[in-house]
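S.K.: Right, I'll just put the structure down here and ask away after.
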Amino acid sequence: MTKNIRFSNLDRKKTIAKLKGETFDLVVIGGGITGGGIALDAASRGLKVALVEKNDFASGTSSKSTKLIHGGLRYLKQFDFWLVKEVGSERAIVHNLAPHLVLPEKMLLPLIENGSYGKWLTSIGLKVYDILAQVTGDDKRKMLEKKEALKLEPLLPKKILKGAGYYAEYRTDDSRLTMETIKTSLQYGAMPLNYAEVTDFIYEEDLVAGVKVRDTVLDTEFPIKAKYVISAAGPWVDELRGINNSKKGKRLHLTKGVHLVFPYEKLPIKQSVYFDIPDGRMMFAIPRGKITYIGTTDTNFNENKDSVKTDVADAIYLISAVNNMFPKINLEMEDIISSWAGLRPLIHEEGKSASELSRKDEIFTSDTGLISIAGGKLTGYRKMAERVVNRVAKKMEEDYGISVKDSDTEHIPLCGNDFKKYKYVKKYIAEIHERLTPEGFSHYDAWYLVTNYGKQTETILQYYAKQKEDDHVLGMAKAELKFTIENEMVQTPMDFFIRRTGRLYFDIDSIRNLMEPILAEFKTIYKLDDEVINSYRKTLERDCLLYTSDAADDLLCVD
């Protein structure tokens, strides 16, 4: 298991002093999964790497996906075999890198009358999918008869159901995957910093030689010098290209994807389903612990990228689709307990709709040397990072005569991974459950800790043992907070409740119970005044707002 390295905003002044006092081989802009993957790839090859993110790590696209490490079955319909092959193969690799975070998830594809997929084409398509993705053993696709499909998922529409395809995917928490990737880069000397916005570039002889950064925590500005700069800023890539005066040629095309969250009791599906929407698109319904979430939409977006919201039309569209596929279910707007809305930074193609745009990544290099990467899928983050760092390696050879070794991230386990196989993850969950049962914790609590933190659970339990709380739930939450502040750069309660623990999406009721004591902890640890704490409280109260039919204009999700 990779060891924990202190990674805390309590050391922020020291971190900034190091960033502005050294010259790096590479500065990465963007603390999502792509930027984190680049930092790990480059640092593990021996490059001196800094990474800056203008908000919190994974606060953009990398916390707003469908949270699947999947092969992109629908891209077979677009004959995008290269993409299906790459991300399909990557699924198993990423699972091996973090088997506690990337969990096997069988997917059911119902075949219905007049549906998008017929039985013969589905059988052939899934077979091609297995071949391209190099699927083996029990994970190979199966074609199910109607009775078999209903046994797996009794809520499917009996009257129009003809059968189903059954195939393997993987589920994850995209924020946690990003965080553990960034933390793993620390093992190789990378220096990441959140809440650090790039405002301009440094130039030497008309070439990019670093970045100017505004620190929004300490309200200060500082430079970071580097031989090369990679922009992996997702939806903000074109803004940075604009600052660099290199926004020409291909450009981004942003589309919005929305997911809704319901109590599991409201949508009690027994397993994940990938199903037809009447307009010809497909969507997912995925059970996860206490909740079931559904998604996604795919619509053009031309509004404020810093304020992406789930609106009423999005919610109606998704709920209608679920009620159409599951006739025994009658979801209503007031059943929504949370949601998230994110942007896909795709490459614009004239004449293509949002759903038709390719998910391939592309790399742009400006005349001044700024390297930008955009597009791509969560599943393919590791190969995206390898490709763009290969470009840097080639330039280092040409410019400095420095030879950079090949990527080896396929064999670098992520933080928390000390499991040879997934079966040992399940065994460890059972062990943690047995240890915590006398304290009053449930199997869900053990599952939650292990699938968030892996073997880092041991550190959290050590912190918990030192807590003196009558309320065991609060004691564990404080132990988690201590861990994430000391090891995961948590700066605000939103970082903690949303991106480190996933509570806003997967256990929203816990926030209402923990909000005040956690706010009190932040006040003490960061020496904050009442005005700051009140602003945090208002944000959390807004984000935890339950949707009601008479509050149709209220936010359904975090910005």
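In the structure tokens, chains take letters A, B, ... by order of appearance, with residues numbered from 1 within each chain and ligands from 1 in the order shown.
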From a DSSP calculation on the backbone, collect every residue of segment 128-362 of chain A in strand (DSSP E or B) and output the set as a PyMOL selection string.

M.R.: chain A and resi 142-145+161-171+191-193+196-204+207-215+220-231+252-263+272-276+282-288+291-295+299-300+338-347+361-362

S.K.: So which residues touch Glu480 of chain A within 12 Å, counting only C-alpha atoms, skipping near sequence neighbours fewer than 2 positions away, as a count of residues only?

M.R.: 35

S.K.: Quick check, in Å to one decimal: how far apart do atom CA of Pro110 of chain A and atom CA of Thr122 of chain A lie?

M.R.: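 Going from atom CA of Pro110 of chain A over to atom CA of Thr122 of chain A, I get 10.0 Å.
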
S.K.: Mind giving me the straight-line distance from atom CA of Pro99 of chain A to atom CA of Thr181 of chain A in Å, one decimal?

M.R.: 13.4 Å

S.K.: Show which residues sit within 9 Å of Leu193 of chain A, as a PyMOL selection string. Count only C-alpha atoms, and ignore same-chain residues fewer than 2 positions away.

M.R.: chain A and resi 9+12+15-16+31+50-54+56-57+191+195-196+489

S.K.: Point out the residue among A:Pro223, A:Gly165, A:Pro327, A:Pro104 with the least atom-to-atom distance to Ala92 of chain A, counting only C-alpha atoms.

M.R.: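 With only C-alpha atoms as the atom set, the closest residue is A:Pro104.
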
S.K.: Write out as a PyMOL selection string which residues come within 10 Å of Leu378 of chain A when counting only C-alpha atoms, dropping same-chain ones fewer than 4 positions away.

M.R.: chain A and resi 32-34+61-62+65-70+87+174+177-178+382+384

S.K.: Keeping N, CA, C and O atoms for every residue in the selection just given, could you write it to a file as a PDB file, in the first residue's frame?

M.R.:
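File produced: part.pdb:
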```pdb
ATOM      1  N   GLY A  32      -8.767  17.911 -11.872  1.00  0.00           N
ATOM      2  CA  GLY A  32      -9.720  16.831 -12.086  1.00  0.00           C
ATOM      3  C   GLY A  32      -8.986  15.535 -12.340  1.00  0.00           C
ATOM      4  O   GLY A  32      -7.773  15.429 -12.128  1.00  0.00           O
ATOM      5  N   ILE A  33      -9.713  14.538 -12.846  1.00  0.00           N
ATOM      6  CA  ILE A  33      -9.082  13.230 -13.055  1.00  0.00           C
ATOM      7  C   ILE A  33      -8.019  13.298 -14.144  1.00  0.00           C
ATOM      8  O   ILE A  33      -6.987  12.621 -14.051  1.00  0.00           O
ATOM      9  N   THR A  34      -8.224  14.134 -15.161  1.00  0.00           N
ATOM     10  CA  THR A  34      -7.212  14.231 -16.214  1.00  0.00           C
ATOM     11  C   THR A  34      -5.945  14.888 -15.675  1.00  0.00           C
ATOM     12  O   THR A  34      -4.832  14.375 -15.878  1.00  0.00           O
ATOM     13  N   THR A  61     -16.047  18.663 -13.721  1.00  0.00           N
ATOM     14  CA  THR A  61     -16.561  17.473 -14.395  1.00  0.00           C
ATOM     15  C   THR A  61     -16.262  16.198 -13.617  1.00  0.00           C
ATOM     16  O   THR A  61     -17.058  15.250 -13.629  1.00  0.00           O
ATOM     17  N   SER A  62     -15.137  16.157 -12.916  1.00  0.00           N
ATOM     18  CA  SER A  62     -14.688  14.913 -12.283  1.00  0.00           C
ATOM     19  C   SER A  62     -15.428  14.537 -11.018  1.00  0.00           C
ATOM     20  O   SER A  62     -15.078  13.555 -10.358  1.00  0.00           O
ATOM     21  N   SER A  65     -19.853  12.949 -13.087  1.00  0.00           N
ATOM     22  CA  SER A  65     -20.064  11.926 -14.110  1.00  0.00           C
ATOM     23  C   SER A  65     -21.134  10.932 -13.646  1.00  0.00           C
ATOM     24  O   SER A  65     -21.706  11.072 -12.564  1.00  0.00           O
ATOM     25  N   THR A  66     -21.375   9.903 -14.444  1.00  0.00           N
ATOM     26  CA  THR A  66     -22.291   8.835 -14.040  1.00  0.00           C
ATOM     27  C   THR A  66     -21.622   7.901 -13.044  1.00  0.00           C
ATOM     28  O   THR A  66     -22.233   6.970 -12.535  1.00  0.00           O
ATOM     29  N   LYS A  67     -20.368   8.147 -12.760  1.00  0.00           N
ATOM     30  CA  LYS A  67     -19.601   7.412 -11.749  1.00  0.00           C
ATOM     31  C   LYS A  67     -19.458   5.936 -12.128  1.00  0.00           C
ATOM     32  O   LYS A  67     -19.539   5.037 -11.291  1.00  0.00           O
ATOM     33  N   LEU A  68     -19.211   5.739 -13.424  1.00  0.00           N
ATOM     34  CA  LEU A  68     -18.955   4.403 -13.947  1.00  0.00           C
ATOM     35  C   LEU A  68     -17.608   4.378 -14.652  1.00  0.00           C
ATOM     36  O   LEU A  68     -17.260   5.309 -15.383  1.00  0.00           O
ATOM     37  N   ILE A  69     -16.851   3.328 -14.410  1.00  0.00           N
ATOM     38  CA  ILE A  69     -15.679   3.028 -15.229  1.00  0.00           C
ATOM     39  C   ILE A  69     -16.179   2.019 -16.252  1.00  0.00           C
ATOM     40  O   ILE A  69     -16.206   0.823 -16.008  1.00  0.00           O
ATOM     41  N   HIS A  70     -16.662   2.530 -17.382  1.00  0.00           N
ATOM     42  CA  HIS A  70     -17.342   1.648 -18.328  1.00  0.00           C
ATOM     43  C   HIS A  70     -16.789   1.800 -19.731  1.00  0.00           C
ATOM     44  O   HIS A  70     -16.069   2.735 -20.049  1.00  0.00           O
ATOM     45  N   VAL A  87     -11.104   2.302 -23.839  1.00  0.00           N
ATOM     46  CA  VAL A  87     -11.703   2.437 -22.507  1.00  0.00           C
ATOM     47  C   VAL A  87     -12.200   1.096 -21.994  1.00  0.00           C
ATOM     48  O   VAL A  87     -12.229   0.856 -20.779  1.00  0.00           O
ATOM     49  N   ASP A 174     -16.169   9.073  -8.639  1.00  0.00           N
ATOM     50  CA  ASP A 174     -15.196   9.813  -9.448  1.00  0.00           C
ATOM     51  C   ASP A 174     -14.355  10.781  -8.630  1.00  0.00           C
ATOM     52  O   ASP A 174     -13.151  10.944  -8.874  1.00  0.00           O
ATOM     53  N   LEU A 177     -11.732   8.743  -6.753  1.00  0.00           N
ATOM     54  CA  LEU A 177     -10.723   8.253  -7.688  1.00  0.00           C
ATOM     55  C   LEU A 177      -9.744   9.370  -8.043  1.00  0.00           C
ATOM     56  O   LEU A 177      -8.526   9.158  -8.097  1.00  0.00           O
ATOM     57  N   THR A 178     -10.270  10.569  -8.251  1.00  0.00           N
ATOM     58  CA  THR A 178      -9.413  11.725  -8.536  1.00  0.00           C
ATOM     59  C   THR A 178      -8.507  12.033  -7.355  1.00  0.00           C
ATOM     60  O   THR A 178      -7.294  12.254  -7.512  1.00  0.00           O
ATOM     61  N   ARG A 382      -6.168   7.483 -17.690  1.00  0.00           N
ATOM     62  CA  ARG A 382      -4.772   7.071 -17.578  1.00  0.00           C
ATOM     63  C   ARG A 382      -4.061   7.126 -18.934  1.00  0.00           C
ATOM     64  O   ARG A 382      -2.916   7.598 -19.026  1.00  0.00           O
ATOM     65  N   MET A 384      -5.066   8.975 -21.489  1.00  0.00           N
ATOM     66  CA  MET A 384      -5.000  10.391 -21.860  1.00  0.00           C
ATOM     67  C   MET A 384      -3.752  11.033 -21.264  1.00  0.00           C
ATOM     68  O   MET A 384      -3.012  11.759 -21.935  1.00  0.00           O
TER      69      MET A 384
END
```

S.K.: With a distance cut-off of 7 Å and only C-alpha atoms, select the neighbouring residues of Leu155 of chain A, excluding the residue or stretch itself and same-chain residues fewer than 5 positions from it, and output the selection as JSON, numbers by chain.

M.R.: {"A": [269, 326, 328]}

S.K.: With only C-alpha atoms as the basis for distance, which of A:Pro263, A:Gly369, A:Pro493, A:Gly35 is at the shortest distance from Leu207 of chain A?

M.R.: A:Gly369

S.K.: Which residues, written as an MDAnalysis selection string, have at least one atom at most 12 Å from Ala385 of chain A, with only C-alpha atoms counted and residues fewer than 6 positions away on the same chain left out?

M.R.: chainID A and resid 28 32:45 181 230:232 361:363 372:374 376:379 391:392 407:410

S.K.: Neighbours of Leu161 of chain A within 10 Å (only C-alpha atoms; same-chain residues fewer than 6 positions away dropped), as JSON, numbers by chain?

M.R.: {"A": [110, 111, 112, 113, 115, 145, 146, 147, 149, 150, 325]}

S.K.: When you draw a straight line from atom CA of Thr365 of chain A to atom CA of Val208 of chain A, how long is it in Å?

M.R.: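 Atom-to-atom, atom CA of Thr365 of chain A and atom CA of Val208 of chain A are spaced 11.1 Å apart.
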
S.K.: Could you please write out, as number ranges by chain, every residue of segment 466-550 of chain A that DSSP assigns to helix (DSSP H, G or I)?

M.R.: A: 466, 472-487, 493-500, 503-506, 508-525, 530-543

S.K.: Which residue out of A:Leu267, A:Ile336, A:Val229, A:Leu514 has the minimum interatomic distance to Pro154 of chain A when only C-alpha atoms are used?

M.R.: A:Leu267
